[in-house]
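With mmCIF, C-alpha atoms inside, this is start.cif:
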```cif
data_target
loop_
_atom_site.label_atom_id
_atom_site.label_comp_id
_atom_site.auth_asym_id
_atom_site.auth_seq_id
_atom_site.Cartn_x
_atom_site.Cartn_y
_atom_site.Cartn_z
CA MET A 7 0.00 0.00 0.00
CA LYS A 8 1.34 3.34 -1.00
CA TYR A 9 0.99 6.25 1.49
CA VAL A 10 -0.57 9.28 -0.12
CA PRO A 11 -0.40 12.38 2.11
CA LYS A 12 -3.63 14.32 2.38
CA GLU A 13 -4.34 17.69 3.94
CA ILE A 14 -5.97 17.45 7.35
CA PRO A 15 -9.47 18.92 7.29
CA GLU A 16 -9.86 21.94 9.53
CA GLY A 17 -12.44 22.58 12.21
CA ILE A 18 -13.70 19.11 13.04
CA ASN A 19 -12.60 19.04 16.64
CA ALA A 20 -12.88 22.74 17.25
CA PRO A 21 -15.67 24.07 15.08
CA ARG A 22 -15.58 27.81 14.62
CA THR A 23 -18.12 29.41 16.92
CA ASN A 24 -19.07 32.98 17.61
CA VAL A 25 -17.47 33.08 21.03
CA VAL A 26 -18.35 36.67 21.80
CA GLY A 27 -21.97 36.12 20.84
CA GLU A 28 -22.14 32.99 22.92
CA PHE A 29 -20.49 34.75 25.84
CA ALA A 30 -22.85 37.70 25.61
CA LEU A 31 -25.88 35.43 25.43
CA LEU A 32 -24.85 33.33 28.43
CA ALA A 33 -23.68 36.23 30.55
CA GLY A 34 -26.74 38.28 29.61
CA THR A 35 -29.10 35.44 30.46
CA LEU A 36 -27.39 34.86 33.78
CA VAL A 37 -27.40 38.54 34.71
CA ALA A 38 -31.05 38.87 33.66
CA LEU A 39 -32.00 35.84 35.75
CA VAL A 40 -30.19 37.23 38.76
CA VAL A 41 -31.67 40.69 38.37
CA VAL A 42 -35.20 39.28 38.11
CA ALA A 43 -34.69 36.81 40.97
CA PHE A 44 -32.95 39.38 43.13
CA TYR A 45 -35.58 41.98 42.46
CA ALA A 46 -38.47 39.62 43.21
CA LEU A 47 -36.87 38.05 46.27
CA GLY A 48 -35.69 41.46 47.42
CA VAL A 49 -39.23 42.81 47.27
CA ALA A 50 -40.42 39.76 49.20
CA ALA A 51 -37.68 40.16 51.81
CA GLU A 52 -38.46 43.87 52.17
CA THR A 53 -42.15 43.14 52.59
CA LEU A 54 -41.30 40.80 55.43
CA ALA A 55 -38.61 43.04 56.90
CA VAL A 56 -40.85 46.08 57.34
CA ARG A 57 -43.37 43.92 59.22
CA LEU A 58 -40.85 43.14 61.94
CA SER A 59 -41.92 44.59 65.28
CA PRO A 60 -39.77 47.32 66.87
CA GLU A 61 -38.78 44.83 69.62
CA TRP A 62 -37.48 42.40 67.03
CA GLU A 63 -35.73 45.19 65.24
CA ALA A 64 -34.02 46.26 68.46
CA ALA A 65 -33.01 42.66 69.15
CA ILE A 66 -31.50 42.31 65.67
CA GLY A 67 -29.77 45.68 65.93
CA ALA A 68 -28.20 44.81 69.26
CA ARG A 69 -26.47 41.84 67.64
CA LEU A 70 -24.88 43.86 64.85
CA PRO A 71 -21.22 44.70 65.33
CA THR A 72 -21.88 48.38 64.51
CA ALA A 73 -24.43 48.74 67.34
CA ASN A 74 -22.19 49.58 70.26
CA ALA A 75 -19.23 51.15 68.58
CA GLY A 76 -18.35 54.67 69.65
CA VAL A 77 -19.88 56.57 72.55
CA GLU A 78 -23.43 57.54 73.28
CA VAL A 79 -24.17 61.27 73.29
CA ARG A 80 -26.51 62.00 76.18
CA ALA A 81 -26.24 65.79 76.30
CA GLY A 82 -24.97 68.71 74.30
CA ARG A 83 -26.05 70.54 71.21
CA GLU A 84 -26.13 67.50 68.93
CA ARG A 85 -28.44 65.69 71.31
CA GLU A 86 -30.68 68.79 71.58
CA VAL A 87 -30.97 68.96 67.81
CA LEU A 88 -31.97 65.31 67.73
CA VAL A 89 -34.53 65.75 70.50
CA ALA A 90 -36.02 68.77 68.69
CA LEU A 91 -36.30 66.74 65.49
CA LEU A 92 -37.83 63.77 67.30
CA ALA A 93 -40.50 66.03 68.76
CA HIS A 94 -41.69 66.71 65.21
CA ALA A 95 -41.13 63.22 63.80
CA PRO A 96 -43.58 60.29 63.81
CA ARG A 97 -43.03 58.10 66.88
CA GLN A 98 -40.87 55.02 66.51
CA GLY A 99 -41.39 51.98 68.69
CA TYR A 100 -38.05 52.57 70.37
CA ASP A 101 -35.93 55.35 71.83
CA VAL A 102 -33.50 56.89 69.44
CA GLN A 103 -29.93 56.95 70.63
CA LEU A 104 -27.21 59.18 69.22
CA ARG A 105 -23.70 57.77 69.06
CA VAL A 106 -20.50 59.29 67.76
CA ARG A 107 -17.34 57.60 66.59
CA CYS A 108 -14.85 60.41 66.83
CA GLY A 109 -11.84 58.39 65.76
CA GLU A 110 -13.27 57.65 62.34
CA LYS A 111 -12.44 60.25 59.79
CA ASP A 112 -14.90 59.06 57.14
CA VAL A 113 -17.52 61.66 56.33
CA ASN A 114 -20.44 59.41 57.05
CA ALA A 115 -23.39 58.67 59.30
CA PHE A 116 -25.68 55.70 59.43
CA ALA A 117 -28.68 54.23 61.19
CA VAL A 118 -28.45 50.88 62.98
CA PRO A 119 -31.66 48.84 63.44
CA GLY A 120 -33.23 49.45 66.84
CA GLY A 121 -32.87 53.21 66.97
CA ARG A 122 -29.21 54.07 66.87
CA VAL A 123 -27.94 56.96 64.80
CA VAL A 124 -24.18 56.76 64.44
CA VAL A 125 -22.21 59.78 63.28
CA LEU A 126 -18.54 59.51 62.39
CA GLY A 127 -15.96 62.08 63.43
CA GLY A 128 -15.17 63.07 59.85
CA LEU A 129 -18.72 64.23 59.34
CA LEU A 130 -18.76 66.28 62.54
CA ASP A 131 -15.64 68.06 61.31
CA ALA A 132 -17.08 68.70 57.87
CA VAL A 133 -20.45 70.25 58.75
CA GLN A 134 -20.50 73.97 59.49
CA SER A 135 -24.04 74.76 60.60
CA GLU A 136 -26.54 73.36 63.02
CA ASN A 137 -28.98 73.15 60.14
CA GLU A 138 -26.68 70.74 58.37
CA VAL A 139 -26.37 68.64 61.52
CA ALA A 140 -30.16 68.62 61.70
CA PHE A 141 -30.41 67.55 58.10
CA VAL A 142 -27.93 64.69 58.59
CA LEU A 143 -29.73 63.43 61.69
CA ALA A 144 -33.13 63.84 60.04
CA HIS A 145 -31.86 61.91 57.03
CA GLU A 146 -30.92 58.99 59.28
CA LEU A 147 -34.29 59.26 61.04
CA GLY A 148 -35.81 59.01 57.56
CA HIS A 149 -33.99 55.72 57.05
CA MET A 150 -35.45 54.53 60.38
CA GLN A 151 -38.93 55.73 59.50
CA ASN A 152 -38.76 53.89 56.16
CA ARG A 153 -37.04 50.94 57.85
CA ASP A 154 -34.37 51.00 55.15
CA HIS A 155 -31.73 49.21 57.22
CA LEU A 156 -34.11 46.27 57.68
CA ARG A 157 -34.84 46.21 53.97
CA ALA A 158 -31.13 46.27 53.24
CA LEU A 159 -30.62 43.43 55.70
CA GLY A 160 -33.34 41.43 53.93
CA ARG A 161 -31.79 42.01 50.53
CA GLY A 162 -28.35 41.13 51.87
CA LEU A 163 -29.70 37.79 53.00
CA VAL A 164 -31.27 37.21 49.58
CA LEU A 165 -28.00 37.98 47.85
CA MET A 166 -26.07 35.62 50.09
CA THR A 167 -28.63 32.90 49.47
CA LEU A 168 -28.45 33.39 45.72
CA VAL A 169 -24.67 33.25 45.72
CA ALA A 170 -24.72 30.13 47.85
CA ALA A 171 -27.19 28.57 45.43
CA VAL A 172 -25.09 29.38 42.38
CA GLY A 173 -21.78 28.14 43.62
CA THR A 174 -18.73 28.63 45.69
CA GLY A 175 -18.49 32.34 45.14
CA SER A 176 -15.03 32.06 43.69
CA ASP A 177 -15.77 31.13 40.11
CA ALA A 178 -16.51 33.61 37.40
CA ALA A 179 -20.22 32.88 37.12
CA SER A 180 -20.84 33.60 40.77
CA ARG A 181 -18.77 36.77 40.61
CA LEU A 182 -21.13 37.88 37.89
CA VAL A 183 -24.09 36.95 40.08
CA VAL A 184 -22.70 38.95 43.00
CA GLY A 185 -21.87 41.89 40.77
CA SER A 186 -25.30 42.15 39.21
CA GLY A 187 -27.02 41.53 42.56
CA VAL A 188 -25.03 44.33 44.14
CA ALA A 189 -25.89 46.63 41.25
CA VAL A 190 -29.61 45.94 41.71
CA SER A 191 -29.38 46.54 45.45
CA HIS A 192 -27.64 49.86 44.79
CA ARG A 193 -30.54 50.93 42.61
CA PHE A 194 -32.80 50.22 45.59
CA SER A 195 -30.40 52.04 47.84
CA GLN A 196 -30.34 55.21 45.72
CA ARG A 197 -34.11 55.33 45.86
CA GLN A 198 -34.00 55.00 49.64
CA GLU A 199 -31.45 57.80 49.93
CA LEU A 200 -33.65 60.15 47.95
CA ALA A 201 -36.65 59.18 50.08
CA ALA A 202 -34.65 59.80 53.27
CA ASP A 203 -33.62 63.21 51.91
CA ARG A 204 -37.26 64.12 51.31
CA PHE A 205 -38.18 63.00 54.80
CA ALA A 206 -35.28 64.99 56.25
CA ALA A 207 -36.15 68.19 54.43
CA GLU A 208 -39.74 67.98 55.62
CA LEU A 209 -38.70 67.27 59.19
CA VAL A 210 -36.21 70.14 59.25
CA GLN A 211 -38.89 72.44 57.83
CA ARG A 212 -41.30 71.40 60.57
CA THR A 213 -38.67 71.75 63.30
CA TYR A 214 -36.99 74.99 62.23
CA GLY A 215 -39.73 76.54 60.16
CA HIS A 216 -37.40 76.79 57.15
CA VAL A 217 -34.96 74.67 55.16
CA GLY A 218 -32.12 77.19 54.98
CA GLY A 219 -28.64 75.70 54.89
CA ILE A 220 -29.55 72.09 54.39
CA THR A 221 -28.15 71.84 50.89
CA ASP A 222 -24.90 73.59 51.90
CA PHE A 223 -23.96 70.21 53.16
CA PHE A 224 -23.60 68.80 49.64
CA GLY A 225 -21.40 71.67 48.54
CA ARG A 226 -18.65 70.89 51.06
CA PRO A 227 -15.60 69.51 49.28
CA ALA A 228 -15.44 66.52 51.63
CA LEU A 229 -19.01 65.60 50.82
CA ARG A 230 -19.37 66.40 47.17
CA GLU A 231 -19.93 63.28 45.21
CA GLY A 232 -20.15 62.70 41.50
CA GLY A 233 -22.49 59.83 42.01
CA SER A 234 -22.90 57.04 39.55
CA TRP A 235 -25.72 54.91 38.32
CA LEU A 236 -24.20 51.99 40.18
CA GLY A 237 -23.29 53.68 43.46
CA THR A 238 -25.13 53.28 46.77
CA HIS A 239 -25.86 57.01 46.87
CA PRO A 240 -27.11 59.33 44.16
CA GLY A 241 -24.77 62.14 43.17
CA SER A 242 -24.80 65.37 45.18
CA LYS A 243 -26.20 67.32 42.25
CA ARG A 244 -29.20 65.08 41.98
CA ARG A 245 -29.87 65.25 45.69
CA VAL A 246 -29.61 69.03 45.84
CA LEU A 247 -31.87 69.31 42.80
CA GLN A 248 -34.49 67.15 44.46
CA LEU A 249 -34.38 69.19 47.66
CA GLU A 250 -34.65 72.48 45.80
CA ARG A 251 -37.59 71.25 43.79
CA LEU A 252 -39.27 70.00 46.96
CA ALA A 253 -38.79 73.37 48.69
CA ASP A 254 -40.22 75.13 45.63
CA GLN A 255 -43.27 72.89 45.55
CA HIS A 256 -44.11 73.39 49.19
CA GLY A 257 -43.03 76.99 49.42
CA TRP A 258 -40.42 76.26 52.07
CA GLY A 259 -38.25 79.27 52.60
CA THR A 260 -34.79 79.87 53.98
CA GLY A 261 -34.01 81.41 57.33
CA PRO A 262 -31.13 82.06 59.71
CA VAL A 263 -28.40 79.44 59.65
CA THR A 264 -26.74 78.79 62.99
CA PRO A 265 -23.00 78.13 62.81
CA TYR A 266 -21.80 74.88 64.25
CA ALA A 267 -18.48 73.59 65.44
CA ARG A 268 -18.12 70.34 67.22
CA ALA A 269 -17.75 70.83 70.97
CA PRO A 270 -14.38 69.54 72.24
CA SER A 271 -16.21 67.74 75.05
CA LEU A 272 -18.11 65.64 72.53
CA CYS A 273 -15.14 63.46 71.84
CA ALA A 274 -13.39 63.87 75.17
CA GLU A 275 -14.24 60.44 76.48
CA MET B 298 -24.07 59.64 54.14
CA SER B 299 -21.28 59.81 51.63
CA GLY B 300 -20.78 56.89 49.31
CA ARG B 301 -18.97 53.99 50.80
CA THR B 302 -16.07 52.43 49.02
CA LEU B 303 -17.66 49.77 46.89
CA TRP B 304 -15.32 46.88 46.75
CA GLU B 305 -17.95 44.72 45.14
CA LEU B 306 -18.23 47.07 42.21
CA ARG B 307 -14.50 47.52 41.88
CA ASP B 308 -14.41 43.79 41.71
CA LEU B 309 -16.93 43.84 38.89
CA TRP B 310 -14.94 46.34 36.84
CA SER B 311 -11.67 44.52 37.32
CA PHE B 312 -13.50 41.40 36.27
CA VAL B 313 -14.75 43.04 33.07
CA ALA B 314 -11.26 44.36 32.37
CA LEU B 315 -9.71 40.94 32.89
CA VAL B 316 -12.24 39.35 30.54
CA ALA B 317 -11.55 41.98 27.88
CA VAL B 318 -7.77 41.63 28.20
CA GLY B 319 -8.13 37.85 28.14
CA TYR B 320 -10.24 38.02 25.02
CA PHE B 321 -7.94 40.39 23.19
CA PHE B 322 -4.70 38.52 23.89
CA GLY B 323 -6.24 35.06 23.87
CA ARG B 324 -7.71 35.54 20.44
CA ARG B 325 -4.51 36.85 18.94
CA ILE B 326 -2.44 34.08 20.44
CA GLU B 327 -4.92 31.44 19.38
CA ALA B 328 -5.17 32.73 15.81
CA ARG B 329 -1.37 32.81 15.54
CA HIS B 330 -1.08 29.32 16.97
CA PHE B 331 -3.66 27.89 14.57
CA ALA B 332 -1.88 29.50 11.60
CA ASP B 333 1.42 28.04 12.80
CA LEU B 334 -0.16 24.61 13.27
CA ARG B 335 -1.57 24.60 9.74
CA ARG B 336 1.78 25.58 8.27
CA ARG B 337 3.73 22.93 10.18
CA GLU B 338 1.11 20.24 9.59
CA HIS B 339 1.36 20.89 5.89
CA ALA B 340 5.14 20.72 6.06
CA SER B 341 5.15 17.39 7.88
CA LEU B 342 2.38 15.79 5.86
CA ALA B 343 4.72 13.30 4.23
CA LEU B 344 5.36 11.49 7.54
CA PRO B 345 2.49 9.10 8.29
CA VAL B 346 1.41 8.66 11.90
CA LEU B 347 -0.37 5.37 12.49
CA THR B 348 -2.09 3.93 15.50
CA ALA B 349 -1.43 0.39 14.30
CA PRO B 350 0.72 -1.35 16.90
CA ARG B 351 2.55 -3.89 14.72
CA LEU B 352 4.89 -3.55 11.81
CA ASP B 353 4.76 -5.41 8.58
CA PRO B 354 7.35 -8.27 8.80
CA ALA B 355 8.36 -7.47 5.24
CA TRP B 356 9.72 -4.04 6.26
CA ALA B 357 13.43 -3.62 6.57
CA VAL B 358 13.77 -1.43 9.67
CA GLU B 359 16.98 0.59 9.92
CA ASP B 360 16.13 2.59 13.03
CA ALA B 361 13.44 2.47 15.72
CA ALA B 362 12.94 4.82 18.66
CA LEU B 363 10.37 6.20 21.03
CA VAL B 364 9.37 9.71 20.04
CA THR B 365 7.36 12.04 22.21
CA GLY B 366 5.75 15.42 21.90
CA ILE B 367 4.39 17.38 24.83
CA ALA B 368 2.35 20.53 24.68
CA VAL B 369 0.85 22.53 27.54
CA VAL B 370 -1.68 25.14 26.56
CA SER B 371 -3.38 27.51 28.97
CA ILE B 372 -6.73 29.18 28.56
CA ASP B 373 -7.13 32.91 28.79
CA TYR B 374 -9.41 34.60 31.30
CA PHE B 375 -12.11 35.12 28.72
CA LYS B 376 -12.26 31.40 27.98
CA TYR B 377 -12.20 30.64 31.68
CA VAL B 378 -15.25 32.81 32.26
CA ALA B 379 -17.00 31.55 29.12
CA ALA B 380 -16.44 27.98 30.29
CA SER B 381 -17.70 28.71 33.78
CA LEU B 382 -20.83 30.24 32.27
CA ARG B 383 -21.19 27.07 30.22
CA ASN B 384 -20.83 25.03 33.39
CA PHE B 385 -23.78 26.94 34.72
CA PHE B 386 -26.11 26.36 31.78
CA GLY B 387 -24.68 23.15 30.36
CA GLY B 388 -23.82 22.36 26.75
CA ARG B 389 -20.75 22.25 24.55
CA VAL B 390 -17.79 24.01 26.12
CA SER B 391 -16.47 25.46 22.90
CA ALA B 392 -13.91 27.53 24.79
CA TYR B 393 -12.15 24.35 25.88
CA GLU B 394 -12.58 22.58 22.55
CA SER B 395 -10.25 24.90 20.68
CA LEU B 396 -7.82 24.73 23.59
CA LEU B 397 -7.63 20.95 23.50
CA ASP B 398 -7.52 20.91 19.71
CA ARG B 399 -4.50 23.19 19.78
CA ALA B 400 -2.76 21.18 22.48
CA ARG B 401 -3.35 17.88 20.69
CA ARG B 402 -2.18 19.13 17.31
CA GLU B 403 0.87 20.80 18.84
CA ALA B 404 1.84 17.61 20.67
CA VAL B 405 1.44 15.44 17.56
CA LEU B 406 3.48 17.93 15.54
CA ARG B 407 6.28 17.93 18.09
CA MET B 408 6.29 14.14 18.03
CA LYS B 409 6.49 14.20 14.25
CA GLU B 410 9.26 16.77 14.32
CA ALA B 411 11.18 14.57 16.74
CA ALA B 412 10.71 11.64 14.37
CA GLN B 413 11.79 13.66 11.36
CA ALA B 414 14.91 14.74 13.20
CA ARG B 415 15.87 11.05 13.39
CA GLY B 416 15.09 10.60 9.72
CA ALA B 417 12.09 8.38 10.46
CA THR B 418 9.71 7.46 7.67
CA VAL B 419 6.72 6.38 9.78
CA ILE B 420 5.42 6.56 13.35
CA LEU B 421 3.70 3.44 14.60
CA ASN B 422 1.53 2.85 17.64
CA ALA B 423 0.92 6.55 18.18
CA ARG B 424 -0.92 7.35 21.42
CA LEU B 425 -2.22 10.45 23.13
CA GLU B 426 -2.44 11.17 26.84
CA ILE B 427 -4.21 14.22 28.19
CA SER B 428 -4.05 15.61 31.66
CA SER B 429 -4.78 18.92 33.30
CA VAL B 430 -2.11 20.95 34.97
CA SER B 431 -3.01 23.13 37.98
CA GLY B 432 -6.49 22.02 38.77
CA LEU B 433 -9.22 21.89 36.17
CA ASP B 434 -11.48 20.67 38.96
CA ALA B 435 -14.57 22.65 39.78
CA GLY B 436 -14.18 25.35 42.37
CA GLN B 437 -10.42 25.65 42.08
CA ARG B 438 -8.82 28.88 41.12
CA GLY B 439 -5.67 29.54 39.21
CA ALA B 440 -4.51 29.10 35.66
CA ARG B 441 -6.15 26.20 33.94
CA SER B 442 -4.06 24.47 31.33
CA ALA B 443 -4.09 21.16 29.57
CA GLU B 444 -1.11 18.98 28.90
CA VAL B 445 -1.17 16.65 25.92
CA LEU B 446 1.47 13.99 25.49
CA ALA B 447 1.78 12.30 22.11
CA TYR B 448 4.12 9.35 21.79
CA GLY B 449 4.81 6.58 19.34
CA THR B 450 7.46 4.42 17.75
CA ALA B 451 9.40 6.17 15.02
CA LEU B 452 10.75 3.83 12.38
CA ARG B 453 13.11 4.33 9.49
CA VAL B 454 12.11 1.82 6.89
CA ARG B 455 14.04 1.22 3.75
#
```
Starting from the file, give its structure as structure tokens.
Amino acid sequence: MKYVPKEIPEGINAPRTNVVGEFALLAGTLVALVVVAFYALGVAAETLAVRLSPEWEAAIGARLPTANAGVEVRAGREREVLVALLAHAPRQGYDVQLRVRCGEKDVNAFAVPGGRVVVLGGLLDAVQSENEVAFVLAHELGHMQNRDHLRALGRGLVLMTLVAAVGTGSDAASRLVVGSGVAVSHRFSQRQELAADRFAAELVQRTYGHVGGITDFFGRPALREGGSWLGTHPGSKRRVLQLERLADQHGWGTGPVTPYARAPSLCAE
Amino acid sequence: MSGRTLWELRDLWSFVALVAVGYFFGRRIEARHFADLRRREHASLALPVLTAPRLDPAWAVEDAALVTGIAVVSIDYFKYVAASLRNFFGGRVSAYESLLDRARREAVLRMKEAAQARGATVILNARLEISSVSGLDAGQRGARSAEVLAYGTALRVR
């Protein structure tokens, strides 16, 4: 038998496929599934979360690592501002406690389930008027009123469950799941921030009789944020715009702005 | 109140960047490799590679030796992600198919080139062994690459 060389046919074992198209289809399907599942489960979790009683909320809050950090503020101007706001706010099922974490230089404040408003030292240094302090505290009270931290907790649980269902969390597909889940939850979060801002403006108006100075807060270099579609918070511009529009609609005016500087005794402990 | 540092999202962007880089380089390297394979396969076409284990008693064998060819090919990050998406939905993992095709052809070519260097006229009893280097198992991280070993008996027949 004589050997006659023949060309090897191409593409039998590795047929040419549209890899980018296939990738886009699979990744798109996965992301869409996660977004739909996360959205639906998130709504369900939120529905349950807001039905939790204040006692349960306090019990959950007490277990969170953020609950007891820093020191409680029992007196002083900051506490007076909070008390004044609370007098005009709808009653919560728990006492609201003000805590400061002076050592932390982040310009941030947050609400912990169970009635704790935590303000970080960086924020106390950045604000320059009492009206801004009031707005910040009222914003956090807005989160409490809307029970946003419980909703966020519910969605966090859903995300963890989804990731656990999909895989180990280390492979690419589950990274995609986490990424798109986080993006969806940030969309929720931006909506909550805007709602808390509206609540805060109204509460400040009721307490002080005007909303002067509350948007100054967003103009401070330390606080100005570009904001992005995917961030937890909307950009400063969008927030200021919303507040201005709200004031226009309701005819809220401006009034005297009281200067503020953090009292040295606040962080003495 | 100010935006927290979003590690999750940074993770997502770095992931997208890695996939894009993987795609760009992976595709170029793969296209170059396939072109090189075609050229060398054409050049070594005259040397037959058989899986038959025995030789014809009528052949006058002047030289016989074991020849081997080993190739290790790694996937790029794009393929890794594409394959992990495939693992999720099921179906043909085309990302790995081209990888294994390249590794197999490269290994066979190296075996043939080793045989040609000895002046062999035929390779008998050719076999292929495939194994994964650095964990192709599910859940493991790190570079995934396949090793293909081709070996056979190179003969010079008069």
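Here CA of Arg399 in chain B is placed at a distance of 28.7 Å from CA of Arg181 in chain A.
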Task: Proximity to Met408 in chain B - best of B:Ser428, B:Thr348, B:Thr450, B:Ser311, all atoms listed in the file - done: B:Thr450
Open item on the list: as number ranges by chain, please: the residues near Phe205 in chain A (cut-off 7 Å, only C-alpha atoms, same-chain neighbours under 4 positions excluded).
Closed with: A: 145, 148, 201, 209
Residues from the last selection, C-alpha atoms, saved as a PDB file, keeping the file's coordinate frame:
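This is the output file again.pdb:
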```
ATOM      1  CA  HIS A 145     -31.860  61.910  57.030  1.00  0.00           C
ATOM      2  CA  GLY A 148     -35.810  59.010  57.560  1.00  0.00           C
ATOM      3  CA  ALA A 201     -36.650  59.180  50.080  1.00  0.00           C
ATOM      4  CA  LEU A 209     -38.700  67.270  59.190  1.00  0.00           C
TER       5      LEU A 209
END
```
- [ ] Report the residues retrieved by the PyMOL selection byres ((chain A and resi 11) around 12) from the displayed file, expressed as a list in words.
- [x] Lys8, Tyr9, Val10, Lys12, Glu13 and Ile14 of chain A; Glu338, His339, Ala340, Ser341, Leu342, Ala343, Leu344, Pro345 and Val346 of chain B
Task: Residue neighbourhood Ala46 in chain A, 12 Å, only C-alpha atoms, exclusion window fewer than 4 positions, as a PyMOL selection string - done: chain A and resi 39-42+50-53+161+164-165+187+190-191
Open item on the list: For Ile367 in chain B, find every residue with an atom within 8 Å (counting only C-alpha atoms), except residues of its own chain fewer than 3 positions away, and show them as a list in words.
Closed with: Glu403, Ala404, Arg407, Met408, Glu444, Val445, Leu446 and Ala447 of chain B
Open item on the list: So that I can check the surroundings of Ala206 in chain A, please list as a ChimeraX atom specification every protein, DNA and RNA residue that reaches within 9 Å of it, counting only C-alpha atoms and ignoring chain neighbours fewer than 6 positions away.
Closed with: /A:140-148
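Proximity to chain B was assessed for A:Gly257, A:Gly241, A:Gly160, A:Pro71 counting all atoms listed in the file; the smallest distance is recorded for A:Gly241.
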Counting all atoms listed in the file, what is within 12 Å of Gly34 in chain A, bar same-chain residues fewer than 6 positions away, as an mmCIF file with C-alpha atoms, in the frame of the given file?
```
data_model
loop_
_atom_site.group_PDB
_atom_site.id
_atom_site.type_symbol
_atom_site.label_atom_id
_atom_site.label_comp_id
_atom_site.auth_asym_id
_atom_site.auth_seq_id
_atom_site.Cartn_x
_atom_site.Cartn_y
_atom_site.Cartn_z
ATOM 1 C CA VAL A 26 -18.350 36.670 21.800
ATOM 2 C CA GLY A 27 -21.970 36.120 20.840
ATOM 3 C CA GLU A 28 -22.140 32.990 22.920
ATOM 4 C CA VAL A 40 -30.190 37.230 38.760
ATOM 5 C CA VAL A 41 -31.670 40.690 38.370
ATOM 6 C CA ALA A 179 -20.220 32.880 37.120
ATOM 7 C CA LEU A 182 -21.130 37.880 37.890
ATOM 8 C CA VAL A 183 -24.090 36.950 40.080
ATOM 9 C CA SER A 186 -25.300 42.150 39.210
ATOM 10 C CA ALA B 379 -17.000 31.550 29.120
ATOM 11 C CA LEU B 382 -20.830 30.240 32.270
#
```
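Interatomic distance, CA of Val313 in chain B to CA of Val369 in chain B: 26.4 Å.
Pairwise distance (CA of Gly259 in chain A, CA of Leu88 in chain A) equals 21.5 Å.
Using all atoms listed in the file, the smallest distance between any of B:Ala423, B:Arg441, B:Val378, B:Leu396 and Ile326 in chain B comes from B:Leu396.
With distances restricted to all atoms listed in the file, A:Val125 is the closest residue to chain B from A:Cys108, A:Ala81, A:Val210, A:Val125.
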The residues within 7 Å of (-33.2, 47.8, 48.4), using all atoms listed in the file and the coordinates of the file, should be reported as a CSV table (one decimal) with C-alpha atoms, in the coordinates of the input; which are they?
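Final file, part_33.csv:
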```
chain,number,residue,atom,x,y,z
A,48,GLY,CA,-35.7,41.5,47.4
A,157,ARG,CA,-34.8,46.2,54.0
A,158,ALA,CA,-31.1,46.3,53.2
A,161,ARG,CA,-31.8,42.0,50.5
A,191,SER,CA,-29.4,46.5,45.4
A,192,HIS,CA,-27.6,49.9,44.8
A,194,PHE,CA,-32.8,50.2,45.6
A,195,SER,CA,-30.4,52.0,47.8
```
Suppose a student applies the PyMOL selection byres ((chain B and resi 350) around 12) to this structure; what residues should they get, written as a short mmCIF file (atom, residue, chain, number, x, y, z; two decimals) with C-alpha atoms, in the coordinates of the input?
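Saved file result.cif follows:
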```
data_model
loop_
_atom_site.label_atom_id
_atom_site.label_comp_id
_atom_site.auth_asym_id
_atom_site.auth_seq_id
_atom_site.Cartn_x
_atom_site.Cartn_y
_atom_site.Cartn_z
CA VAL B 346 1.41 8.66 11.90
CA LEU B 347 -0.37 5.37 12.49
CA THR B 348 -2.09 3.93 15.50
CA ALA B 349 -1.43 0.39 14.30
CA ARG B 351 2.55 -3.89 14.72
CA LEU B 352 4.89 -3.55 11.81
CA ASP B 353 4.76 -5.41 8.58
CA ILE B 420 5.42 6.56 13.35
CA LEU B 421 3.70 3.44 14.60
CA ASN B 422 1.53 2.85 17.64
CA ALA B 423 0.92 6.55 18.18
CA ARG B 424 -0.92 7.35 21.42
CA GLY B 449 4.81 6.58 19.34
CA THR B 450 7.46 4.42 17.75
CA ALA B 451 9.40 6.17 15.02
#
```
- [ ] Return as a VMD selection string the set of residues that the PyMOL selection byres ((chain B and resi 398) around 12) yields on the displayed structure.
- [x] (chain A and resid 16 to 22) or (chain B and resid 327 330 to 331 334 368 to 370 391 to 397 399 to 405 427 443 to 445)
Once you count all atoms listed in the file, which residues end up no further than 9 Å from (-23.8, 74.6, 62.3) in the file's frame, shown as an mmCIF file with C-alpha atoms, in the frame of the given file?
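Once everything was written out, this is result-v7.cif:
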```cif
data_model
loop_
_atom_site.group_PDB
_atom_site.id
_atom_site.type_symbol
_atom_site.label_atom_id
_atom_site.label_comp_id
_atom_site.auth_asym_id
_atom_site.auth_seq_id
_atom_site.Cartn_x
_atom_site.Cartn_y
_atom_site.Cartn_z
ATOM 1 C CA VAL A 133 -20.450 70.250 58.750
ATOM 2 C CA GLN A 134 -20.500 73.970 59.490
ATOM 3 C CA SER A 135 -24.040 74.760 60.600
ATOM 4 C CA GLU A 136 -26.540 73.360 63.020
ATOM 5 C CA ASN A 137 -28.980 73.150 60.140
ATOM 6 C CA GLU A 138 -26.680 70.740 58.370
ATOM 7 C CA VAL A 139 -26.370 68.640 61.520
ATOM 8 C CA ALA A 140 -30.160 68.620 61.700
ATOM 9 C CA GLY A 219 -28.640 75.700 54.890
ATOM 10 C CA VAL A 263 -28.400 79.440 59.650
ATOM 11 C CA THR A 264 -26.740 78.790 62.990
ATOM 12 C CA PRO A 265 -23.000 78.130 62.810
ATOM 13 C CA TYR A 266 -21.800 74.880 64.250
ATOM 14 C CA ALA A 267 -18.480 73.590 65.440
ATOM 15 C CA ARG A 268 -18.120 70.340 67.220
#
```
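Restricting the calculation to only C-alpha atoms, the smallest distance between Arg107 in chain A and any of A:Pro270, A:Gly261, A:Gly76, A:Gly218 is found for A:Gly76.
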- [ ] Rank nothing, just name the residue among A:Leu31, A:Val49, A:Leu272, A:Val184 nearest to Leu168 in chain A, using all atoms listed in the file.
- [x] A:Val184
